[in-house]
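S.K.: Have a look at this one before I ask anything.
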Amino acid sequence: MELLGLVNYALFMAIFICIYALLALGLNIQWGFAGLFNAGIAGFFAVGAYTSAILTTAMDPDRIGGFDLHFIVGWIGAMLAAALVAWPIGKICLRFRSDYLAIASIGIAEIIRLVIKSEPALTNGARGIASIPRPAGDIGYMESQIAYLAIVLVVLIAAYILVERQFNAPWGRMMRAIRDNEGAAKAMGKDVEFRRLEAFIFGAALMGLGGALFAHFNRSITPEAIDPMVATFLVWIMLILGGSGNNRGAILGAAVVWIIWSVSEIATDRLPHEYAVQAKYIRLFLIGLMLQLVLRFRPEGLLPEPLRGDLRSTKPGADR
Amino acid sequence: MKTKILALAAGLMTATALASVPAHADVKIGLLGGVSGPIAAMAPAMIDAAQLAVQQVNEQGGIGDGEKLVGVVGDSACNPQNGTDAATKAVNIEGVVGVVGPHCSGAVLAAAGSVTIPAGITMITPSGTSPEITNLEDNGTVYRTVPSDDYQGRALARTMKDRGYGKVAVAYLNNDYGTGLANAFKSEYVDELGGEITAFAAHEEGKASYRSNLAELAKGGADTLVIFDYGDGTGLTILRQALENGFFEKYVGGDGMKSDAVIKELGTENLTTFVSSSPVGEKSEALDIFNEAFKGVGGDPDAIFVTTSYDAAFLLALAIEKAGGDKAGVAAAVAEVSNGEGETILPGEWKKAKELIAAGTAIDYKGAAGDLNFDAKGDVPGTYALWEVGADGFEVVTEMK
């Protein structure tokens with residue numbers, strides 16, 4: 001029994017890590033490749049989650065839809081919707097320098113959250129949407145977790161391969177050139193604004209997909225899930241800690257941060273009974289401490305950005 | 001660094017695995033609550049109340065053959081991410097028989113949907129009031145000791161109509177609690193009873209001033225303001241600013257507004273026109289017993305949701321006893337130990353209950369928060385009263401039907 005429990009817990013953590021890794025990959029496209037400081041991950045996460053929820057749930061007279069479509073349609077819809085929302089935002093905000101973009105994107109995520117909370121006709125308001133179908137959800141507890149993990153793993157690996165290919169392709173080199181020296185890239189004839197918009201939209205689409213995977217896993221989505229703490233800043237910590245600019249780093253960061261976040265609670269539970277409530281704050285402290293240590297001793301992250309980028313390039317530091 | 005951190009993570013895991021070798025004499029229940037996060041101020045008292053039930057069970061003979069009941073606290077942080085995480089750990093690592101909590105509806109929906117329903121673990125939430133929980137396909141494993149917001153909103157509307165309230169304005173906190181109550185109130189007051197609501201507006205929490213919101217609300221000419229909010233938070237600010245500026249004559253609050261903070265901050269003399277609805281136990285004997293016991297362990301019995309938390313934990317213990325060590329039978333047993341038929345069990349009467357269960361007699365738990373007779377969907381009908389502010393704090397004006 002004990003072993004089965006551990007396996008179930010590990011499966012659950014693996015699913016969450018995959019979902020967060022998708023968010024971190026999306027952020028890596030925006031920040032790691034293109035240097036866009038997006039502090040509104042929660043907004044795109046929410047758009048994806050709600051779009052997929054609306055597309056795949058059964059008819060509900062109280063809100064829009066319930067279109068009862070296949071979950072794959074929902075997930076593609078989630079990516080499209082997140083990309084669609086990202087387009088005008090990027091169009092307007094990407095003209096800002098990075099710090100202004102951060103402020104604007106926080107505001108936009110907050111707007112999205114408030115719209116979701118305040119428009120019952122669209123999203124069922126603060127009550128959220130329940131009874132979202134979960135792929136392979138009707139089999140036993142462990143089996144359905146294994147099946148869902150397999151699905152999210154496939155999605156994550158596909159996303160990773162695509163993003164990694166882009167990173168090594170001329171497109172990736174160009175993005176890094178724009179990030180590191182905008183003027184030089186412009187002088188080379190690159191359309192900086194359009195390329196930034198591209199990166200912003202691709203990243204947002206991945207975040208939307210992450211949101212959809214999350215909603216289907218929990219079979220519900222409520223505005224409480226769009227808390228910036230767990231949907232924006234945790235992802236940033238994952239990427240910074242894992243190594244921005246490195247896709248494997250993004251995934252590793254997601255794994256390390258989530259494992260520590262989750263497992264540390266079990267460790268703090270070993271404290272005496274009367275500290276049970278206070279002990280919960282230790283993990284917040286742990287995550288903060290970890291970020292401080294990484295920034296102090298290894299600012300480039302656990303797996304730093306490969307300096308040569310494309311392994312085919314011959315000269316070291318060719319794109320710096 | 002990488003290896004160090006991985007080593008640390010691995011070390012934590014190993015420590016955990018070693019530490020969680022079960023002591024066989026323990027029966028564990030999960031107490032999941034929003035310890036960190038937006039309801040961090042409310043959660044400790046709720047968890048303490050649940051722990052009181054655990055303590056009473058252990059003092060009076062424990063579960064089954066003298067086994068110790070242990071409440072494992074988990075932090076659901078009022079969001080689905082941490083809610084499912086905490087529930088997964090409780091179910092798989094701690095091996096709990098049932099779960100009390102999580103506290104927030106969003107965490108309840110997610111934890112039930114992805115963990116406890118598939119795993120067949122009983123969940124009793126003391127404060128998840130969202131009507132969405134009613135319709136979960138839960139195979140009868142999800143219960144709650146707090147009524148759905150629907151009940152209270154409708155009951156309050158009927159009572160106000162009976163007492164001759166006319167045009168009202170409604171201000172509600174924009175979360176599942178406030179929205180649920182306000183919508184139920186509106187549909188009963190306007191659609192069923194033909195009352196008039198002149199303004200109906202949500203507000204966000206934590207602002208310093210709500211005067212502009214209040215001015216908007218007052219425009220329609222209503223003399224009564226109905227507030228669905230928390231009396232130790234934003235609701236207090238709204239009530240204070242409305243009183244200071246004389247926006248309305250009369251004020252009505254939902255159960256969240258029945259907080260001692262309101263009286264302490266605003267003073268009895270200023271609250272003569274303020275009434276508030278709140279759940280009461282039909283037999284307040286049960287409530288008195290709980291209040292005494294909770295005071296005895298240093299708790300504040302007037303804190304919000306402590307009665308429902310206590311009841312949830314006590315009910316779960318009764319159900320575990322009734323099911324006799326059969327994990328899968330706990331869910332059905334919850335409804336059996338509190339369905340209005342059988343020998344009455346009051347809060348803290350564990351020994352009596354244990355003997356009756358051993359003898360095979362049907363028992364009926366009457367909780368501190370009400371009789372708790374579950375319907376087919378695991379919901380309880382509320383027993384509400386309207387309270388006014390008197391010399392000694394809140395006093396019952398009338399029962400709400």
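Going through the structure tokens in order, the chains are called A, B, and so on, while each chain numbers its residues from 1 and the ligands are numbered from 1 in the order shown.
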Applying 6 Å and only C-alpha atoms, which residues near range 198-202 of chain B remain after dropping the ones on its own chain fewer than 3 positions away? List them as a list in words.
M.R.: Ala169, Val170, Ala171, Tyr172, Leu173, Asn174, Leu217 and Gly220 of chain B
S.K.: Save out the residues we just selected, N, CA and C atoms, as a PDB file, in the first residue's frame.
M.R.:
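Everything below was put into again.pdb:
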ATOM      1  N   ALA B 169     -30.248  47.732  -2.005  1.00  0.00           N
ATOM      2  CA  ALA B 169     -29.064  47.675  -2.866  1.00  0.00           C
ATOM      3  C   ALA B 169     -28.185  46.551  -2.347  1.00  0.00           C
ATOM      4  N   VAL B 170     -27.488  45.873  -3.254  1.00  0.00           N
ATOM      5  CA  VAL B 170     -26.668  44.729  -2.855  1.00  0.00           C
ATOM      6  C   VAL B 170     -25.211  44.979  -3.225  1.00  0.00           C
ATOM      7  N   ALA B 171     -24.341  44.858  -2.234  1.00  0.00           N
ATOM      8  CA  ALA B 171     -22.901  44.936  -2.492  1.00  0.00           C
ATOM      9  C   ALA B 171     -22.306  43.593  -2.107  1.00  0.00           C
ATOM     10  N   TYR B 172     -21.572  42.976  -3.017  1.00  0.00           N
ATOM     11  CA  TYR B 172     -21.011  41.668  -2.680  1.00  0.00           C
ATOM     12  C   TYR B 172     -19.553  41.573  -3.084  1.00  0.00           C
ATOM     13  N   LEU B 173     -18.828  40.797  -2.307  1.00  0.00           N
ATOM     14  CA  LEU B 173     -17.413  40.562  -2.578  1.00  0.00           C
ATOM     15  C   LEU B 173     -17.297  39.693  -3.817  1.00  0.00           C
ATOM     16  N   ASN B 174     -16.391  40.054  -4.699  1.00  0.00           N
ATOM     17  CA  ASN B 174     -16.291  39.321  -5.959  1.00  0.00           C
ATOM     18  C   ASN B 174     -15.448  38.056  -5.798  1.00  0.00           C
ATOM     19  N   LEU B 217     -24.100  52.777  -5.396  1.00  0.00           N
ATOM     20  CA  LEU B 217     -25.156  51.893  -4.889  1.00  0.00           C
ATOM     21  C   LEU B 217     -26.335  52.694  -4.353  1.00  0.00           C
ATOM     22  N   GLY B 220     -29.860  54.584  -6.515  1.00  0.00           N
ATOM     23  CA  GLY B 220     -31.194  54.092  -6.867  1.00  0.00           C
ATOM     24  C   GLY B 220     -32.269  54.414  -5.848  1.00  0.00           C
TER      25      GLY B 220
END
S.K.: Using only C-alpha atoms, determine which residues of chain B fall within 6 Å of chain A; present them as a PyMOL selection string.
M.R.: chain B and resi 2+16+79-80+92-93+106+110+113-114+118-119+175-176
S.K.: Next, write the just-selected residues to a file, as a CSV table (one decimal), in the first residue's frame, keeping C-alpha atoms as the atom set.
M.R.:
chain,number,residue,atom,x,y,z
B,2,LYS,CA,22.8,21.4,-9.6
B,16,THR,CA,10.2,11.5,4.0
B,79,ASN,CA,-5.9,27.5,-4.8
B,80,PRO,CA,-6.3,24.4,-6.9
B,92,ASN,CA,-1.0,8.7,-0.9
B,93,ILE,CA,1.8,9.5,1.5
B,106,GLY,CA,-11.9,26.1,-6.0
B,110,ALA,CA,-9.9,20.4,-8.0
B,113,GLY,CA,-11.9,16.0,-9.2
B,114,SER,CA,-8.3,14.8,-9.5
B,118,PRO,CA,-10.8,8.8,-8.2
B,119,ALA,CA,-9.1,7.4,-5.1
B,175,ASN,CA,-15.4,35.8,-5.1
B,176,ASP,CA,-17.3,32.5,-5.1
S.K.: Do you know which residues are at most 7 Å from Gly180 in chain B counting only C-alpha atoms, after dropping those on the same chain fewer than 4 positions away, and could you put them as a PyMOL selection string?
M.R.: chain B and resi 130+149-150+176+184
S.K.: Using the selection just defined, write its residues with N, CA and C atoms as an mmCIF file, in the first residue's frame.
M.R.:
data_model
loop_
_atom_site.group_PDB
_atom_site.id
_atom_site.type_symbol
_atom_site.label_atom_id
_atom_site.label_comp_id
_atom_site.auth_asym_id
_atom_site.auth_seq_id
_atom_site.Cartn_x
_atom_site.Cartn_y
_atom_site.Cartn_z
ATOM 1 N N SER B 130 -19.568 26.750 -2.659
ATOM 2 C CA SER B 130 -19.986 26.949 -4.047
ATOM 3 C C SER B 130 -21.065 25.952 -4.453
ATOM 4 N N ASP B 149 -24.252 28.151 -0.757
ATOM 5 C CA ASP B 149 -24.640 29.563 -0.704
ATOM 6 C C ASP B 149 -26.079 29.779 -1.138
ATOM 7 N N ASP B 150 -26.561 28.884 -1.971
ATOM 8 C CA ASP B 150 -27.927 29.005 -2.440
ATOM 9 C C ASP B 150 -28.923 29.083 -1.288
ATOM 10 N N ASP B 176 -16.260 33.484 -4.985
ATOM 11 C CA ASP B 176 -17.335 32.505 -5.097
ATOM 12 C C ASP B 176 -18.338 32.647 -3.955
ATOM 13 N N ALA B 184 -28.053 34.053 -5.455
ATOM 14 C CA ALA B 184 -29.180 33.328 -4.886
ATOM 15 C C ALA B 184 -30.168 34.314 -4.275
#
S.K.: Could you go through range 200-231 of chain A and tell me which residues DSSP, when run on the backbone, assigns to helix (DSSP H, G or I), listing them as a VMD selection string?
M.R.: chain A and resid 200 to 218 223 to 226 228 to 231
S.K.: Write out as a list in words the residues lying within 9 Å of range 242-252 of chain B, counting only C-alpha atoms and excluding same-chain residues fewer than 6 positions away.
M.R.: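 In the requested form, the answer reads Met160, Tyr210, Arg211, Leu214, Ala215, Leu217, Ala218, Gly221, Ala222, Asp223, Thr224, Leu225, Val226, Ile227, Phe228, Asn270, Leu271, Thr272, Thr273, Phe274, Val275, Ser276 and Ser277 of chain B.
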S.K.: Rounded to one decimal place, report the CA of Asp379 in chain B-CA of Ala107 in chain B distance in Å.
M.R.: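 Straight-line distance from CA of Asp379 in chain B to CA of Ala107 in chain B works out to 17.4 Å.
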S.K.: Give me every strand (DSSP E or B) residue in range 245-308 of chain B, going by DSSP on the backbone, as a ChimeraX atom specification.
M.R.: /B:250-253,274-279
S.K.: In Å to one decimal, how far is CA of His103 in chain B from CA of Gly33 in chain B?
M.R.: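 One can read the CA of Gly33 in chain B to CA of His103 in chain B distance as 5.2 Å.
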S.K.: Considering only C-alpha atoms, give me a table of residues in range 164-263 of chain B that are at most 8 Å from range 289-311 of chain B, with the closest atom pair and distance in Å for each, as CSV.
M.R.:
residue,atom,partner,partner_atom,distance
B:Gly256,CA,B:Ile304,CA,7.3
B:Ser259,CA,B:Ala303,CA,7.5
B:Asp260,CA,B:Asp302,CA,7.6
S.K.: When you look at Ser244 in chain A with a cut-off of 10 Å (counting only C-alpha atoms), what residues show up, excluding the ones that are within fewer than 4 positions of it in the same chain? I need them as a PyMOL selection string.
M.R.: chain A and resi 24-25+27-33+35+236+238-240+248-250+253+299-305
S.K.: Residues at most 10 Å from range 149-157 of chain A, counting only C-alpha atoms, excluding those fewer than 2 positions away in the same chain, as a PDB file with N, CA and C atoms, in the first residue's frame?
M.R.:
ATOM      1  N   LEU A  11       3.548  10.055  -9.577  1.00  0.00           N
ATOM      2  CA  LEU A  11       2.830  10.284 -10.834  1.00  0.00           C
ATOM      3  C   LEU A  11       2.211  11.671 -10.840  1.00  0.00           C
ATOM      4  N   PHE A  12       1.577  11.995  -9.713  1.00  0.00           N
ATOM      5  CA  PHE A  12       0.926  13.295  -9.608  1.00  0.00           C
ATOM      6  C   PHE A  12       1.953  14.414  -9.786  1.00  0.00           C
ATOM      7  N   MET A  13       3.095  14.259  -9.106  1.00  0.00           N
ATOM      8  CA  MET A  13       4.123  15.298  -9.216  1.00  0.00           C
ATOM      9  C   MET A  13       4.626  15.400 -10.638  1.00  0.00           C
ATOM     10  N   ALA A  14       4.790  14.239 -11.294  1.00  0.00           N
ATOM     11  CA  ALA A  14       5.300  14.258 -12.664  1.00  0.00           C
ATOM     12  C   ALA A  14       4.334  14.997 -13.577  1.00  0.00           C
ATOM     13  N   ILE A  15       3.032  14.796 -13.369  1.00  0.00           N
ATOM     14  CA  ILE A  15       2.045  15.492 -14.208  1.00  0.00           C
ATOM     15  C   ILE A  15       2.155  16.994 -13.989  1.00  0.00           C
ATOM     16  N   PHE A  16       2.246  17.387 -12.723  1.00  0.00           N
ATOM     17  CA  PHE A  16       2.334  18.819 -12.439  1.00  0.00           C
ATOM     18  C   PHE A  16       3.623  19.413 -13.002  1.00  0.00           C
ATOM     19  N   ILE A  17       4.703  18.645 -12.900  1.00  0.00           N
ATOM     20  CA  ILE A  17       5.972  19.143 -13.426  1.00  0.00           C
ATOM     21  C   ILE A  17       5.874  19.342 -14.927  1.00  0.00           C
ATOM     22  N   CYS A  18       5.238  18.395 -15.617  1.00  0.00           N
ATOM     23  CA  CYS A  18       5.088  18.534 -17.068  1.00  0.00           C
ATOM     24  C   CYS A  18       4.282  19.780 -17.405  1.00  0.00           C
ATOM     25  N   ILE A  19       3.205  20.025 -16.652  1.00  0.00           N
ATOM     26  CA  ILE A  19       2.373  21.195 -16.931  1.00  0.00           C
ATOM     27  C   ILE A  19       3.172  22.469 -16.692  1.00  0.00           C
ATOM     28  N   TYR A  20       3.877  22.500 -15.565  1.00  0.00           N
ATOM     29  CA  TYR A  20       4.682  23.693 -15.279  1.00  0.00           C
ATOM     30  C   TYR A  20       5.835  23.826 -16.259  1.00  0.00           C
ATOM     31  N   ALA A  21       6.368  22.693 -16.711  1.00  0.00           N
ATOM     32  CA  ALA A  21       7.461  22.758 -17.680  1.00  0.00           C
ATOM     33  C   ALA A  21       6.982  23.396 -18.976  1.00  0.00           C
ATOM     34  N   LEU A  22       5.739  23.113 -19.358  1.00  0.00           N
ATOM     35  CA  LEU A  22       5.186  23.755 -20.551  1.00  0.00           C
ATOM     36  C   LEU A  22       5.134  25.269 -20.367  1.00  0.00           C
ATOM     37  N   LEU A  25       8.605  26.567 -20.582  1.00  0.00           N
ATOM     38  CA  LEU A  25       9.076  26.589 -21.968  1.00  0.00           C
ATOM     39  C   LEU A  25       8.518  27.797 -22.700  1.00  0.00           C
ATOM     40  N   PRO A 135      -9.226  13.254 -20.138  1.00  0.00           N
ATOM     41  CA  PRO A 135      -8.935  12.131 -21.022  1.00  0.00           C
ATOM     42  C   PRO A 135      -8.530  10.912 -20.203  1.00  0.00           C
ATOM     43  N   ALA A 136      -9.104   9.787 -20.538  1.00  0.00           N
ATOM     44  CA  ALA A 136      -8.818   8.533 -19.825  1.00  0.00           C
ATOM     45  C   ALA A 136      -9.061   8.700 -18.337  1.00  0.00           C
ATOM     46  N   GLU A 143      -4.324   4.160 -12.762  1.00  0.00           N
ATOM     47  CA  GLU A 143      -4.308   3.992 -14.218  1.00  0.00           C
ATOM     48  C   GLU A 143      -4.576   5.320 -14.912  1.00  0.00           C
ATOM     49  N   SER A 144      -5.556   6.068 -14.384  1.00  0.00           N
ATOM     50  CA  SER A 144      -5.884   7.314 -15.066  1.00  0.00           C
ATOM     51  C   SER A 144      -4.753   8.324 -14.893  1.00  0.00           C
ATOM     52  N   GLN A 145      -4.060   8.259 -13.754  1.00  0.00           N
ATOM     53  CA  GLN A 145      -2.902   9.152 -13.588  1.00  0.00           C
ATOM     54  C   GLN A 145      -1.806   8.777 -14.576  1.00  0.00           C
ATOM     55  N   ILE A 146      -1.572   7.461 -14.747  1.00  0.00           N
ATOM     56  CA  ILE A 146      -0.532   7.029 -15.696  1.00  0.00           C
ATOM     57  C   ILE A 146      -0.904   7.480 -17.098  1.00  0.00           C
ATOM     58  N   ALA A 147      -2.186   7.286 -17.452  1.00  0.00           N
ATOM     59  CA  ALA A 147      -2.620   7.655 -18.802  1.00  0.00           C
ATOM     60  C   ALA A 147      -2.453   9.149 -19.020  1.00  0.00           C
ATOM     61  N   ALA A 159       6.453  19.638 -27.645  1.00  0.00           N
ATOM     62  CA  ALA A 159       6.724  21.075 -27.509  1.00  0.00           C
ATOM     63  C   ALA A 159       8.222  21.312 -27.387  1.00  0.00           C
ATOM     64  N   TYR A 160       8.882  20.456 -26.592  1.00  0.00           N
ATOM     65  CA  TYR A 160      10.321  20.624 -26.384  1.00  0.00           C
ATOM     66  C   TYR A 160      11.077  20.495 -27.696  1.00  0.00           C
ATOM     67  N   ILE A 161      10.749  19.449 -28.471  1.00  0.00           N
ATOM     68  CA  ILE A 161      11.462  19.231 -29.735  1.00  0.00           C
ATOM     69  C   ILE A 161      11.279  20.427 -30.658  1.00  0.00           C
ATOM     70  N   LEU A 162      10.026  20.907 -30.743  1.00  0.00           N
ATOM     71  CA  LEU A 162       9.767  22.039 -31.636  1.00  0.00           C
ATOM     72  C   LEU A 162      10.530  23.278 -31.182  1.00  0.00           C
ATOM     73  N   VAL A 163      10.465  23.555 -29.881  1.00  0.00           N
ATOM     74  CA  VAL A 163      11.120  24.765 -29.386  1.00  0.00           C
ATOM     75  C   VAL A 163      12.632  24.649 -29.530  1.00  0.00           C
ATOM     76  N   LEU A 206       1.903  28.357 -25.836  1.00  0.00           N
ATOM     77  CA  LEU A 206       2.334  27.247 -24.978  1.00  0.00           C
ATOM     78  C   LEU A 206       1.762  27.407 -23.573  1.00  0.00           C
ATOM     79  N   LEU A 209      -1.744  26.291 -23.615  1.00  0.00           N
ATOM     80  CA  LEU A 209      -1.822  24.832 -23.618  1.00  0.00           C
ATOM     81  C   LEU A 209      -1.597  24.293 -22.209  1.00  0.00           C
ATOM     82  N   GLY A 210      -0.628  24.871 -21.506  1.00  0.00           N
ATOM     83  CA  GLY A 210      -0.388  24.448 -20.126  1.00  0.00           C
ATOM     84  C   GLY A 210      -1.636  24.634 -19.279  1.00  0.00           C
ATOM     85  N   LEU A 213      -4.148  21.860 -20.086  1.00  0.00           N
ATOM     86  CA  LEU A 213      -3.769  20.580 -19.477  1.00  0.00           C
ATOM     87  C   LEU A 213      -4.090  20.587 -17.990  1.00  0.00           C
ATOM     88  N   PHE A 214      -3.869  21.733 -17.363  1.00  0.00           N
ATOM     89  CA  PHE A 214      -4.134  21.859 -15.934  1.00  0.00           C
ATOM     90  C   PHE A 214      -5.626  21.713 -15.642  1.00  0.00           C
ATOM     91  N   PHE A 217      -6.808  18.157 -16.053  1.00  0.00           N
ATOM     92  CA  PHE A 217      -6.306  17.266 -15.006  1.00  0.00           C
ATOM     93  C   PHE A 217      -7.149  17.402 -13.741  1.00  0.00           C
ATOM     94  N   ILE A 251      12.823  22.939 -18.170  1.00  0.00           N
ATOM     95  CA  ILE A 251      12.141  21.735 -17.696  1.00  0.00           C
ATOM     96  C   ILE A 251      12.736  21.276 -16.368  1.00  0.00           C
TER      97      ILE A 251
END
S.K.: Kindly give the distance, in Å, that separates CA of Phe285 in chain A and CA of Pro228 in chain A, rounded to a single decimal.
M.R.: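 Value for the CA of Phe285 in chain A-CA of Pro228 in chain A distance: 17.3 Å.
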S.K.: Taking only C-alpha atoms into account, which of A:Ala34, A:Ala58, A:Glu164, A:Glu193 comes nearest Arg95 in chain A?
M.R.: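 Once distances to Arg95 in chain A are computed over only C-alpha atoms, the minimum belongs to A:Glu193.
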